[in-house]
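Raw contents of work.cif, mmCIF, C-alpha atoms:
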```cif
data_query
#
loop_
_atom_site.label_atom_id
_atom_site.label_comp_id
_atom_site.auth_asym_id
_atom_site.auth_seq_id
_atom_site.Cartn_x
_atom_site.Cartn_y
_atom_site.Cartn_z
CA MET S 1 68.95 -81.11 69.23
CA ALA S 2 68.08 -82.35 65.75
CA SER S 3 66.64 -78.98 64.89
CA VAL S 4 70.14 -77.52 65.00
CA PHE S 5 71.02 -79.36 61.86
CA ALA S 6 69.90 -79.23 58.28
CA THR S 7 69.46 -82.94 57.79
CA ALA S 8 68.44 -85.14 60.63
CA GLY S 9 66.31 -88.22 61.04
CA ALA S 10 66.08 -91.66 62.53
CA ALA S 11 67.82 -94.63 60.98
CA GLU S 12 67.84 -98.36 61.57
CA THR S 13 68.52 -100.97 58.95
CA GLY S 14 71.25 -103.55 59.20
CA ARG S 15 73.00 -106.14 61.23
CA LEU S 16 76.67 -106.97 61.74
CA SER S 17 78.00 -110.51 61.90
CA SER S 18 79.82 -111.84 64.95
CA ASP S 19 82.96 -111.97 62.80
CA GLN S 20 82.65 -108.26 62.07
CA LEU S 21 82.03 -107.48 65.74
CA SER S 22 85.09 -109.45 66.80
CA LYS S 23 87.25 -107.38 64.45
CA ALA S 24 86.08 -104.04 65.82
CA ALA S 25 88.80 -101.72 67.09
CA ARG S 26 89.09 -101.26 70.84
CA SER S 27 91.14 -98.63 72.61
CA ASP S 28 91.63 -97.27 76.10
CA SER S 29 90.75 -93.75 74.99
CA ILE S 30 87.37 -94.52 73.47
CA SER S 31 86.24 -98.00 74.52
CA ILE S 32 86.62 -97.50 78.27
CA PRO S 33 84.20 -94.97 79.73
CA THR S 34 85.39 -92.37 82.23
CA PRO S 35 84.17 -92.33 85.84
CA GLY S 36 82.30 -89.17 84.85
CA GLU S 37 80.16 -91.15 82.41
CA LEU S 38 79.35 -93.73 85.06
CA PHE S 39 78.42 -91.09 87.62
CA ALA S 40 76.32 -89.18 85.07
CA ALA S 41 74.29 -92.34 84.42
CA LEU S 42 73.80 -93.00 88.13
CA GLY S 43 72.65 -89.44 88.67
CA LYS S 44 69.75 -89.95 86.22
CA SER S 45 67.80 -92.34 88.41
CA GLY S 46 67.74 -90.36 91.63
CA LYS S 47 69.58 -87.97 93.86
CA THR S 48 72.93 -89.31 95.00
CA ASN S 49 74.68 -88.10 98.12
CA TRP S 50 78.10 -87.79 96.52
CA ALA S 51 79.76 -86.28 99.58
CA ALA S 52 78.88 -89.44 101.49
CA GLN S 53 81.13 -91.34 99.07
CA TYR S 54 84.32 -89.47 99.99
CA ARG S 55 87.12 -91.51 101.51
CA GLY S 56 89.99 -90.44 103.71
CA PRO S 57 93.29 -89.31 102.22
CA ILE S 58 95.44 -92.09 100.82
CA PRO S 59 99.22 -92.22 101.39
CA ALA S 60 101.29 -90.36 98.83
CA THR S 61 104.41 -92.32 99.69
CA TYR S 62 103.94 -95.55 97.77
CA ARG S 63 107.12 -96.91 96.23
CA ASN S 64 105.68 -99.55 93.94
CA ARG S 65 104.93 -98.04 90.50
CA ALA S 66 102.01 -100.35 89.77
CA GLN S 67 100.46 -99.39 93.09
CA ILE S 68 100.98 -95.69 92.38
CA ALA S 69 99.33 -96.07 88.96
CA LEU S 70 96.31 -97.90 90.41
CA ASN S 71 95.91 -95.29 93.16
CA LEU S 72 96.33 -92.46 90.69
CA GLY S 73 93.38 -93.80 88.72
CA GLY S 74 91.38 -94.07 91.93
CA LEU S 75 92.21 -90.48 92.86
CA ILE S 76 91.06 -89.23 89.48
CA ALA S 77 87.74 -91.01 90.10
CA ASP S 78 87.64 -89.24 93.49
CA GLY S 79 88.02 -85.98 91.60
CA PHE S 80 84.95 -86.81 89.52
CA ILE S 81 83.05 -87.55 92.75
CA ALA S 82 84.01 -84.13 94.15
CA VAL S 83 82.81 -82.55 90.91
CA GLU S 84 79.46 -84.33 91.23
CA ALA S 85 79.29 -83.05 94.82
CA LYS S 86 80.24 -79.55 93.54
CA ASP S 87 82.77 -79.34 96.36
CA GLY S 88 85.57 -76.95 95.44
CA GLN S 89 87.74 -77.66 98.47
CA GLN S 90 87.56 -81.40 97.92
CA VAL S 91 88.46 -80.91 94.24
CA LYS S 92 91.52 -78.92 95.33
CA ASN S 93 92.54 -81.52 97.92
CA ILE S 94 92.30 -84.32 95.40
CA GLY S 95 94.04 -82.28 92.71
CA SER S 96 96.94 -81.81 95.10
CA ASP S 97 97.07 -85.56 95.86
CA ILE S 98 97.01 -86.36 92.15
CA ILE S 99 100.03 -84.12 91.59
CA LYS S 100 101.88 -85.79 94.48
CA LEU S 101 101.31 -89.27 93.09
CA ALA S 102 102.09 -88.15 89.55
CA LYS S 103 105.37 -86.69 90.83
CA ALA S 104 106.26 -90.07 92.26
CA LEU S 105 105.93 -91.45 88.74
CA GLY S 106 107.96 -88.57 87.29
CA VAL S 107 105.14 -87.22 85.17
CA SER S 108 104.28 -84.05 87.04
CA GLU S 109 105.84 -81.11 85.18
CA LYS S 110 102.95 -80.31 82.85
CA LEU S 111 100.48 -81.44 85.47
CA LEU S 112 101.38 -78.62 87.84
CA ALA S 113 99.83 -76.15 85.41
CA ARG S 114 96.87 -78.44 84.98
CA GLY S 115 96.45 -78.64 88.79
CA ASN S 116 96.39 -74.85 88.98
CA SER S 117 93.70 -74.58 86.33
CA ILE S 118 91.60 -77.23 88.10
CA ASN S 119 91.79 -75.14 91.27
CA GLU S 120 90.85 -71.99 89.42
CA PHE S 121 87.85 -73.56 87.69
CA ALA S 122 86.77 -75.12 91.01
CA GLU S 123 86.94 -71.71 92.72
CA HIS S 124 84.63 -70.34 90.05
CA SER S 125 82.30 -73.36 90.30
CA GLU S 126 82.81 -74.20 86.63
CA TRP S 127 82.14 -77.87 87.24
CA ASP S 128 81.87 -79.02 83.64
CA THR S 129 85.25 -77.50 82.93
CA VAL S 130 86.78 -79.01 86.08
CA GLN S 131 85.55 -82.39 84.88
CA GLU S 132 87.08 -81.85 81.44
CA GLU S 133 90.35 -80.82 83.07
CA LEU S 134 90.33 -83.96 85.21
CA GLU S 135 89.83 -86.09 82.15
CA ALA S 136 92.59 -84.20 80.33
CA THR S 137 94.83 -84.69 83.38
CA GLU S 138 94.27 -88.42 83.25
CA ASN S 139 95.11 -88.49 79.55
CA GLU S 140 98.19 -86.35 80.12
CA VAL S 141 99.42 -88.75 82.79
CA LYS S 142 98.89 -91.65 80.42
CA SER S 143 100.54 -89.83 77.54
CA SER S 144 103.54 -89.07 79.74
CA MET S 145 103.69 -92.71 80.82
CA GLN S 146 103.91 -93.76 77.20
CA THR S 147 106.66 -91.24 76.55
CA HIS S 148 108.60 -92.61 79.51
CA ALA S 149 108.21 -96.23 78.39
CA ASP S 150 105.69 -96.87 81.15
CA GLN S 151 103.07 -98.04 78.67
CA ASP S 152 102.19 -100.96 80.92
CA LEU S 153 101.09 -98.64 83.69
CA VAL S 154 98.45 -96.94 81.53
CA ILE S 155 95.87 -99.69 81.90
CA LEU S 156 96.49 -99.74 85.66
CA VAL S 157 95.52 -96.05 85.90
CA THR S 158 92.34 -96.80 83.93
CA LEU S 159 91.62 -99.87 86.02
CA GLY S 160 92.17 -98.00 89.29
CA GLY S 161 89.64 -95.40 88.19
CA TRP S 162 87.08 -97.97 87.15
CA ILE S 163 87.42 -99.92 90.40
CA ARG S 164 87.05 -96.83 92.58
CA GLY S 165 84.13 -95.63 90.43
CA THR S 166 82.43 -99.01 90.78
CA GLN S 167 83.00 -99.00 94.54
CA VAL S 168 81.27 -95.64 94.84
CA VAL S 169 78.41 -96.51 92.52
CA THR S 170 77.67 -99.85 94.17
CA ALA S 171 77.73 -98.20 97.61
CA ALA S 172 75.32 -95.51 96.41
CA ILE S 173 72.98 -98.05 94.80
CA MET S 174 72.93 -100.16 97.96
CA GLN S 175 71.86 -97.11 99.96
CA ASP S 176 68.91 -96.41 97.67
CA TYR S 177 68.33 -99.40 95.40
CA ASN S 178 66.33 -99.15 92.23
CA GLU S 179 66.58 -101.25 89.10
CA ASP S 180 67.33 -98.36 86.78
CA SER S 181 70.40 -97.26 88.68
CA ALA S 182 71.57 -100.86 89.17
CA LYS S 183 71.55 -101.35 85.39
CA VAL S 184 74.75 -99.30 85.06
CA LEU S 185 76.68 -102.19 86.58
CA ARG S 186 76.14 -104.51 83.63
CA GLN S 187 79.50 -104.17 81.83
CA PRO S 188 80.90 -107.62 81.01
CA ALA S 189 82.69 -106.58 77.82
CA LEU S 190 84.33 -103.65 79.57
CA VAL S 191 85.76 -105.82 82.34
CA ARG S 192 86.83 -108.42 79.79
CA PHE S 193 88.62 -105.73 77.76
CA MET S 194 90.49 -104.43 80.81
CA GLN S 195 91.44 -108.00 81.70
CA SER S 196 92.76 -108.52 78.17
CA LYS S 197 94.85 -105.33 78.47
CA ILE S 198 96.34 -106.59 81.73
CA ASN S 199 97.23 -109.83 79.98
CA GLU S 200 99.23 -107.76 77.46
CA ILE S 201 101.50 -106.11 80.04
CA SER S 202 104.99 -107.42 80.77
CA PRO S 203 105.18 -110.76 82.59
CA GLU S 204 107.26 -109.11 85.35
CA LEU S 205 104.61 -106.50 86.11
CA ARG S 206 101.80 -109.00 85.70
CA GLY S 207 103.57 -111.27 88.17
CA GLU S 208 103.74 -108.63 90.89
CA PRO S 209 101.54 -109.79 93.79
CA LEU S 210 99.36 -106.66 93.77
CA VAL S 211 98.72 -106.78 90.00
CA LYS S 212 98.17 -110.52 90.12
CA GLY S 213 95.70 -110.14 92.98
CA VAL S 214 93.79 -107.36 91.23
CA SER S 215 93.67 -109.37 88.03
CA GLU S 216 92.29 -112.41 89.85
CA GLN S 217 89.64 -110.29 91.52
CA LEU S 218 88.75 -108.76 88.18
CA ALA S 219 87.94 -112.21 86.85
CA GLU S 220 85.51 -112.64 89.76
CA ILE S 221 83.99 -109.21 89.16
CA GLU S 222 83.51 -110.03 85.48
CA LYS S 223 81.27 -112.94 86.46
CA LEU S 224 79.23 -110.69 88.75
CA VAL S 225 78.62 -108.00 86.12
CA SER S 226 77.88 -110.47 83.30
CA LEU S 227 74.11 -110.29 83.42
CA PRO S 228 71.76 -110.89 80.49
CA SER S 229 70.93 -107.77 78.53
CA GLY S 230 67.96 -105.99 80.07
CA LYS S 231 68.27 -107.69 83.45
CA ALA S 232 69.07 -105.40 86.36
CA PRO S 233 71.29 -106.69 89.16
CA THR S 234 69.43 -107.39 92.41
CA VAL S 235 70.42 -105.72 95.69
CA ASP S 236 72.31 -108.88 96.52
CA ASP S 237 74.15 -108.78 93.18
CA VAL S 238 75.12 -105.17 93.85
CA ARG S 239 76.32 -106.10 97.35
CA LYS S 240 78.53 -108.85 95.91
CA VAL S 241 80.13 -106.47 93.40
CA ASN S 242 80.65 -103.90 96.15
CA LYS S 243 82.30 -106.49 98.39
CA SER S 244 84.65 -107.53 95.60
CA VAL S 245 85.69 -104.01 94.67
CA ASP S 246 86.06 -103.08 98.35
CA LYS S 247 88.54 -105.91 98.69
CA VAL S 248 90.50 -104.73 95.66
CA ILE S 249 90.55 -101.12 96.86
CA THR S 250 91.81 -102.24 100.28
CA GLU S 251 94.69 -104.06 98.60
CA ILE S 252 95.46 -101.14 96.30
CA GLU S 253 95.48 -98.64 99.19
CA SER S 254 97.43 -100.83 101.61
CA LYS S 255 100.93 -99.80 102.55
CA ASP S 256 101.73 -103.48 103.08
CA LEU S 257 101.82 -105.02 99.65
CA PRO S 258 100.71 -108.64 99.30
CA LYS S 259 103.58 -111.09 99.04
CA MET R 1 81.30 -73.16 80.64
CA LYS R 2 80.29 -71.79 77.23
CA ARG R 3 83.02 -69.16 77.26
CA CYS R 4 85.53 -71.96 77.80
CA LEU R 5 84.30 -74.02 74.88
CA PRO R 6 86.60 -72.60 72.18
CA PHE R 7 89.58 -73.17 74.47
CA ILE R 8 88.47 -76.68 75.27
CA LEU R 9 87.93 -77.56 71.62
CA TRP R 10 91.34 -76.15 70.77
CA PHE R 11 92.87 -78.11 73.58
CA LEU R 12 91.15 -81.30 72.53
CA VAL R 13 92.47 -80.90 68.99
CA LEU R 14 96.01 -79.90 69.79
CA GLY R 15 96.42 -81.09 73.34
CA THR R 16 97.15 -84.41 74.86
CA ASN R 17 96.06 -87.67 73.44
CA ILE R 18 97.10 -91.16 74.23
CA ALA R 19 97.13 -92.60 70.75
CA VAL R 20 100.29 -94.57 70.23
CA ARG R 21 100.84 -93.72 66.58
CA ALA R 22 101.23 -90.14 65.38
CA GLU R 23 98.21 -88.70 63.66
CA THR R 24 98.39 -87.50 60.09
CA ASP R 25 97.47 -83.92 59.19
CA ALA R 26 94.32 -85.26 57.55
CA GLU R 27 93.32 -86.99 60.77
CA VAL R 28 93.95 -83.83 62.78
CA ASN R 29 91.69 -81.94 60.37
CA ALA R 30 89.07 -84.66 60.55
CA ARG R 31 89.23 -84.47 64.32
CA LYS R 32 88.70 -80.74 64.24
CA ASP R 33 85.60 -81.29 62.10
CA ALA R 34 84.33 -83.97 64.45
CA LEU R 35 84.80 -81.62 67.39
CA ASP R 36 82.95 -78.89 65.50
CA VAL R 37 79.95 -81.19 65.23
CA ALA R 38 80.26 -82.33 68.85
CA GLY R 39 80.57 -78.71 69.95
CA ALA R 40 77.00 -78.07 68.80
CA PHE R 41 75.76 -80.74 71.21
CA SER R 42 77.65 -79.09 74.07
CA ASN R 43 75.08 -76.32 73.94
CA ASP R 44 72.57 -78.99 74.93
CA GLY R 45 74.63 -80.03 77.93
CA PHE R 46 76.60 -82.86 76.32
CA LYS R 47 80.16 -83.28 77.58
CA ILE R 48 82.77 -84.16 74.98
CA ARG R 49 84.85 -87.15 75.95
CA ASP R 50 88.58 -86.34 75.81
CA GLY R 51 89.33 -89.29 73.59
CA HIS R 52 89.04 -90.00 69.91
CA TRP R 53 89.44 -92.66 67.31
CA CYS R 54 90.97 -91.77 63.95
CA GLY R 55 91.88 -93.77 60.87
CA VAL R 56 91.26 -94.33 57.20
CA VAL R 57 87.99 -95.58 55.76
CA LYS R 58 87.40 -96.94 52.28
CA PRO R 59 84.24 -97.01 50.19
CA HIS R 60 82.22 -100.23 50.68
CA GLU R 61 84.08 -100.95 53.91
CA HIS R 62 83.30 -99.68 57.35
CA ALA R 63 85.47 -98.68 60.26
CA LEU R 64 84.10 -100.20 63.45
CA VAL R 65 84.96 -99.42 67.08
CA ALA R 66 83.64 -100.91 70.33
CA VAL R 67 82.37 -98.59 73.05
CA ASN R 68 80.89 -99.33 76.46
CA LEU R 69 77.85 -97.27 77.33
CA TYR R 70 75.61 -96.77 80.34
CA ALA R 71 71.82 -97.01 80.39
CA GLY R 72 70.41 -93.66 81.46
CA ASN R 73 72.95 -91.57 79.56
CA GLN R 74 72.40 -90.00 76.15
CA TYR R 75 75.21 -90.16 73.60
CA TRP R 76 76.21 -88.47 70.37
CA PHE R 77 78.93 -89.98 68.15
CA SER R 78 80.36 -87.30 65.87
CA VAL R 79 82.59 -87.90 62.86
CA GLY R 80 84.58 -85.68 60.55
CA ALA R 81 86.26 -86.89 57.36
CA THR R 82 88.57 -85.38 54.76
CA GLU R 83 88.77 -85.37 50.96
CA PRO R 84 88.18 -87.40 48.89
CA VAL R 85 85.38 -88.49 51.21
CA LYS R 86 82.29 -86.59 50.08
CA GLN R 87 79.69 -88.05 52.40
CA ILE R 88 80.16 -90.00 55.61
CA ALA R 89 77.66 -91.83 57.82
CA VAL R 90 77.66 -93.02 61.43
CA SER R 91 75.59 -95.89 62.74
CA VAL R 92 75.40 -97.75 66.05
CA TYR R 93 74.92 -101.48 66.72
CA ASP R 94 74.20 -103.33 69.93
CA GLU R 95 76.26 -106.20 71.30
CA THR R 96 74.40 -108.72 69.14
CA GLY R 97 75.18 -106.76 65.98
CA LYS R 98 71.66 -105.38 65.56
CA GLN R 99 71.56 -101.79 64.40
CA VAL R 100 69.91 -99.49 66.91
CA THR R 101 67.65 -96.60 66.06
CA THR R 102 69.55 -93.34 66.16
CA GLU R 103 68.88 -89.70 65.61
CA ASN R 104 71.13 -88.75 62.72
CA TYR R 105 72.90 -85.67 61.51
CA ASP R 106 74.37 -85.81 58.01
CA ASN R 107 76.20 -82.96 56.37
CA GLY R 108 78.61 -84.23 53.72
CA ASP R 109 81.93 -85.04 55.34
CA LYS R 110 80.51 -84.49 58.83
CA ALA R 111 77.97 -86.74 60.48
CA ALA R 112 76.68 -87.78 63.89
CA ALA R 113 74.42 -90.38 65.45
CA GLY R 114 72.71 -89.96 68.78
CA PHE R 115 70.85 -92.38 71.01
CA SER R 116 70.05 -93.34 74.59
CA PRO R 117 70.83 -96.98 75.39
CA ALA R 118 68.15 -98.85 77.29
CA ASN R 119 70.75 -101.33 78.48
CA SER R 120 74.29 -100.83 79.69
CA GLY R 121 76.98 -102.75 77.86
CA GLN R 122 78.98 -102.92 74.69
CA TYR R 123 77.92 -101.18 71.51
CA PHE R 124 79.65 -100.73 68.17
CA VAL R 125 79.98 -97.51 66.20
CA SER R 126 80.39 -97.83 62.46
CA VAL R 127 81.78 -95.16 60.15
CA ASP R 128 80.96 -95.60 56.45
CA VAL R 129 81.80 -93.73 53.27
CA VAL R 130 78.51 -93.03 51.50
CA GLU R 131 80.04 -91.09 48.63
CA GLY R 132 83.63 -90.36 47.56
CA GLY R 133 86.93 -92.17 47.89
CA GLU R 134 89.20 -93.49 50.62
CA GLY R 135 89.97 -90.83 53.21
CA SER R 136 90.80 -90.06 56.81
CA PHE R 137 88.15 -89.80 59.51
CA CYS R 138 88.00 -89.10 63.20
CA LEU R 139 85.32 -90.02 65.75
CA VAL R 140 84.64 -88.34 69.08
CA TYR R 141 81.69 -88.83 71.38
CA SER R 142 79.75 -86.83 73.89
CA TYR R 143 77.38 -87.80 76.67
CA LYS R 144 75.01 -86.36 79.22
#
```
Exercise: express the given structure as structure tokens:
Amino acid sequence: MASVFATAGAAETGRLSSDQLSKAARSDSISIPTPGELFAALGKSGKTNWAAQYRGPIPATYRNRAQIALNLGGLIADGFIAVEAKDGQQVKNIGSDIIKLAKALGVSEKLLARGNSINEFAEHSEWDTVQEELEATENEVKSSMQTHADQDLVILVTLGGWIRGTQVVTAAIMQDYNEDSAKVLRQPALVRFMQSKINEISPELRGEPLVKGVSEQLAEIEKLVSLPSGKAPTVDDVRKVNKSVDKVITEIESKDLPK
Amino acid sequence: MKRCLPFILWFLVLGTNIAVRAETDAEVNARKDALDVAGAFSNDGFKIRDGHWCGVVKPHEHALVAVNLYAGNQYWFSVGATEPVKQIAVSVYDETGKQVTTENYDNGDKAAAGFSPANSGQYFVSVDVVEGGEGSFCLVYSYK
């Protein structure tokens, strides 16, 4: 790649203080990786049976907005899985479910056009473009949420996607464990950042049983993914993370909200 | 995919974003420049993340943002800046603050740094003015 450019080379010189690091900017749109990035990393260390990670359809009739937001994030992660599997029909099915859930949040108008383009790109097997459209869809949902004063739901969409992505990745690693693939799970700062964003949402939303439960589980997950740099999680570590995220997904999907 | 690239770049510049504050014209221009740089990496299979980080950077100060990266992936962090910035630089630090070795592209008010993390976790991307005055910048990143 360097040959493309006129001036290229390797550089390494300095060090930043902990004070400087603590003042670094952090934002949802750049500091939190997409499910696509996670799946790309997993795909490097072996062949993954993505189709085996599909789940059954989730209800599109949730009434609780926090639950809709969490499930919407999960569905977007499902879309990335279908892209990895290069499965056009599954992409279309998930695209349709995303629109349904987005409608329930009142953010669907622009998304209908986006859903159509996802279908079209999927029909032509343009997987990179489908993935970009999925990412753009997620950002459009979040942008619309901000416009409609649903700012607090944005982090829940992100969190739902991360949890579903982690569920899939841990399940895949457990099926064919190797240290390189397990290394993707080490993300303590990421979980801490999402936890801090949840702590910023309104006390009412934070006090909802589902959000409270997810937040508590996230604190447990943070401990599990806080490994020393360079150390890969063991199979047992991976199993523990998978068990925790399974529990969260079950709560998020459930029609019977915790009380 | 390649025939869609101009559309995608256009969309990324003018389309949705979830930044809370409105971007200035200078930041929009800087973002276009950053996407121009990132677009070159797309030919090598890098996907451009639909997210960005824009702001103002002053000489002798750096703009620093935290990112969370996955071992196994390769990344390019691309930056564009506007006048009076003459030369901009991008560097990457690990979670302890140690600068990591990167492959660099420098071309005046456009620059990029690329690397493949050996460990998953938090990293920091720094944008610095090498020459010129205070100006707007925008950072995007790509991965494969």
I would like the residues chosen by the PyMOL selection byres ((chain S and resi 90-104) around 7) on the shown file; could you give them as JSON, numbers by chain?
{"S": [60, 68, 72, 75, 79, 82, 83, 87, 88, 89, 105, 106, 107, 108, 111, 112, 115, 119, 122]}
Enumerate, as an mmCIF file with C-alpha atoms, in the frame of the given file, the residues matched when the PyMOL selection byres ((chain R) within 7 of (chain S)) is run on the file above.
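This is the output file selection.cif:
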```
data_model
loop_
_atom_site.group_PDB
_atom_site.id
_atom_site.type_symbol
_atom_site.label_atom_id
_atom_site.label_comp_id
_atom_site.auth_asym_id
_atom_site.auth_seq_id
_atom_site.Cartn_x
_atom_site.Cartn_y
_atom_site.Cartn_z
ATOM 1 C CA MET R 1 81.300 -73.160 80.640
ATOM 2 C CA THR R 16 97.150 -84.410 74.860
ATOM 3 C CA ASN R 17 96.060 -87.670 73.440
ATOM 4 C CA ILE R 18 97.100 -91.160 74.230
ATOM 5 C CA ASP R 50 88.580 -86.340 75.810
ATOM 6 C CA GLY R 51 89.330 -89.290 73.590
ATOM 7 C CA HIS R 52 89.040 -90.000 69.910
ATOM 8 C CA TRP R 53 89.440 -92.660 67.310
ATOM 9 C CA LEU R 64 84.100 -100.200 63.450
ATOM 10 C CA VAL R 65 84.960 -99.420 67.080
ATOM 11 C CA ALA R 66 83.640 -100.910 70.330
ATOM 12 C CA VAL R 67 82.370 -98.590 73.050
ATOM 13 C CA ASN R 68 80.890 -99.330 76.460
ATOM 14 C CA TYR R 70 75.610 -96.770 80.340
ATOM 15 C CA ALA R 71 71.820 -97.010 80.390
ATOM 16 C CA GLY R 72 70.410 -93.660 81.460
ATOM 17 C CA ASN R 73 72.950 -91.570 79.560
ATOM 18 C CA GLY R 97 75.180 -106.760 65.980
ATOM 19 C CA LYS R 98 71.660 -105.380 65.560
ATOM 20 C CA GLN R 99 71.560 -101.790 64.400
ATOM 21 C CA VAL R 100 69.910 -99.490 66.910
ATOM 22 C CA THR R 101 67.650 -96.600 66.060
ATOM 23 C CA THR R 102 69.550 -93.340 66.160
ATOM 24 C CA GLU R 103 68.880 -89.700 65.610
ATOM 25 C CA ASN R 104 71.130 -88.750 62.720
ATOM 26 C CA TYR R 105 72.900 -85.670 61.510
ATOM 27 C CA ASP R 106 74.370 -85.810 58.010
ATOM 28 C CA ASN R 107 76.200 -82.960 56.370
ATOM 29 C CA ASN R 119 70.750 -101.330 78.480
ATOM 30 C CA SER R 120 74.290 -100.830 79.690
ATOM 31 C CA GLY R 121 76.980 -102.750 77.860
ATOM 32 C CA GLN R 122 78.980 -102.920 74.690
ATOM 33 C CA LYS R 144 75.010 -86.360 79.220
#
```
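Among the candidate residues S:Thr170, S:Asn71, S:Asn49, S:Ser202, the one lying nearest to Lys86 (chain S) is S:Asn49, with distances computed using only C-alpha atoms.
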Expand the PyMOL selection byres ((chain S and resi 163) around 8) into the individual residues it matches in the shown file, reporting them as JSON, numbers by chain.
{"S": [74, 159, 160, 161, 162, 164, 165, 166, 167, 245, 248, 249]}
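CA of Val37 (chain R) lies 15.5 Å from CA of Ser91 (chain R).
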What separation in Å, quoted to one decimal, exists between CA of Glu120 (chain S) and CA of Ile48 (chain R)?
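According to the coordinates, CA of Glu120 (chain S) and CA of Ile48 (chain R) are separated by 20.5 Å.
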Provide the CA of Pro35 (chain S) to CA of Lys47 (chain R) distance in Å, to one decimal place.
12.9 Å
Which neighbours of Val191 (chain S) fall inside 9 Å, counting all atoms listed in the file, when residues of the same chain fewer than 6 positions from it are skipped, and could you give them as number ranges by chain?
S: 218-219, 221-222, 225
The selected residues should be written to file as an mmCIF file, in the coordinates of the input (atoms: C-alpha atoms).
```
data_model
loop_
_atom_site.group_PDB
_atom_site.id
_atom_site.type_symbol
_atom_site.label_atom_id
_atom_site.label_comp_id
_atom_site.auth_asym_id
_atom_site.auth_seq_id
_atom_site.Cartn_x
_atom_site.Cartn_y
_atom_site.Cartn_z
ATOM 1 C CA LEU S 218 88.750 -108.760 88.180
ATOM 2 C CA ALA S 219 87.940 -112.210 86.850
ATOM 3 C CA ILE S 221 83.990 -109.210 89.160
ATOM 4 C CA GLU S 222 83.510 -110.030 85.480
ATOM 5 C CA VAL S 225 78.620 -108.000 86.120
#
```
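Among R:Asp128, R:Asp44, R:Glu95, R:Glu134, the residue with the shortest atom-to-atom distance to Ala26 (chain R), counting all atoms listed in the file, is R:Glu134.
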Measuring between only C-alpha atoms, which one of S:Ile76, S:Ala66, S:Val168, S:Val211 shows the shortest distance to Ile198 (chain S)?
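Of the candidates, the smallest distance to Ile198 (chain S) is held by S:Val211.
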So that I can check the surroundings of Val57 (chain R), please list as a short mmCIF file (atom, residue, chain, number, x, y, z; two decimals) with C-alpha atoms, in the coordinates of the input every protein, DNA and RNA residue that reaches within 12 Å of it, counting only C-alpha atoms and ignoring chain neighbours fewer than 5 positions away.
```cif
data_model
loop_
_atom_site.label_atom_id
_atom_site.label_comp_id
_atom_site.auth_asym_id
_atom_site.auth_seq_id
_atom_site.Cartn_x
_atom_site.Cartn_y
_atom_site.Cartn_z
CA GLU R 27 93.32 -86.99 60.77
CA ALA R 30 89.07 -84.66 60.55
CA HIS R 62 83.30 -99.68 57.35
CA ALA R 63 85.47 -98.68 60.26
CA LEU R 64 84.10 -100.20 63.45
CA VAL R 79 82.59 -87.90 62.86
CA GLY R 80 84.58 -85.68 60.55
CA ALA R 81 86.26 -86.89 57.36
CA THR R 82 88.57 -85.38 54.76
CA GLU R 83 88.77 -85.37 50.96
CA PRO R 84 88.18 -87.40 48.89
CA VAL R 85 85.38 -88.49 51.21
CA GLN R 87 79.69 -88.05 52.40
CA ILE R 88 80.16 -90.00 55.61
CA ALA R 89 77.66 -91.83 57.82
CA SER R 126 80.39 -97.83 62.46
CA VAL R 127 81.78 -95.16 60.15
CA ASP R 128 80.96 -95.60 56.45
CA VAL R 129 81.80 -93.73 53.27
CA VAL R 130 78.51 -93.03 51.50
CA GLU R 131 80.04 -91.09 48.63
CA GLY R 132 83.63 -90.36 47.56
CA GLY R 133 86.93 -92.17 47.89
CA GLU R 134 89.20 -93.49 50.62
CA GLY R 135 89.97 -90.83 53.21
CA SER R 136 90.80 -90.06 56.81
CA PHE R 137 88.15 -89.80 59.51
CA CYS R 138 88.00 -89.10 63.20
CA LEU R 139 85.32 -90.02 65.75
#
```
For Phe46 (chain R), list every protein, DNA or RNA residue within 7 Å, evaluated using all atoms listed in the file, and leave out those in the same chain fewer than 5 positions away; present the list as a list in words.
Phe41, Ser142, Tyr143 and Lys144 of chain R
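Look at everything within 6 Å of (84.0, -83.6, 70.1) using all atoms listed in the file, and the residues you get are Ala34, Leu35, Ala38, Gly39, Ile48, Val140 and Tyr141 of chain R.
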Since fewer atoms than expected are present, regenerate N, CA and C atoms for region 137-142 of chain R and write them as an mmCIF file, in the coordinates of the input.
```cif
data_model
loop_
_atom_site.group_PDB
_atom_site.id
_atom_site.type_symbol
_atom_site.label_atom_id
_atom_site.label_comp_id
_atom_site.auth_asym_id
_atom_site.auth_seq_id
_atom_site.Cartn_x
_atom_site.Cartn_y
_atom_site.Cartn_z
ATOM 1 N N PHE R 137 89.308 -90.181 58.696
ATOM 2 C CA PHE R 137 88.150 -89.800 59.510
ATOM 3 C C PHE R 137 88.591 -89.721 60.961
ATOM 4 N N CYS R 138 87.778 -89.089 61.759
ATOM 5 C CA CYS R 138 88.000 -89.100 63.200
ATOM 6 C C CYS R 138 86.652 -89.083 63.916
ATOM 7 N N LEU R 139 86.563 -89.887 64.964
ATOM 8 C CA LEU R 139 85.320 -90.020 65.750
ATOM 9 C C LEU R 139 85.553 -89.514 67.168
ATOM 10 N N VAL R 140 84.648 -88.701 67.653
ATOM 11 C CA VAL R 140 84.640 -88.340 69.080
ATOM 12 C C VAL R 140 83.220 -88.598 69.580
ATOM 13 N N TYR R 141 83.070 -88.709 70.899
ATOM 14 C CA TYR R 141 81.690 -88.830 71.380
ATOM 15 C C TYR R 141 81.435 -87.940 72.570
ATOM 16 N N SER R 142 80.165 -87.656 72.753
ATOM 17 C CA SER R 142 79.750 -86.830 73.890
ATOM 18 C C SER R 142 78.597 -87.504 74.613
#
```
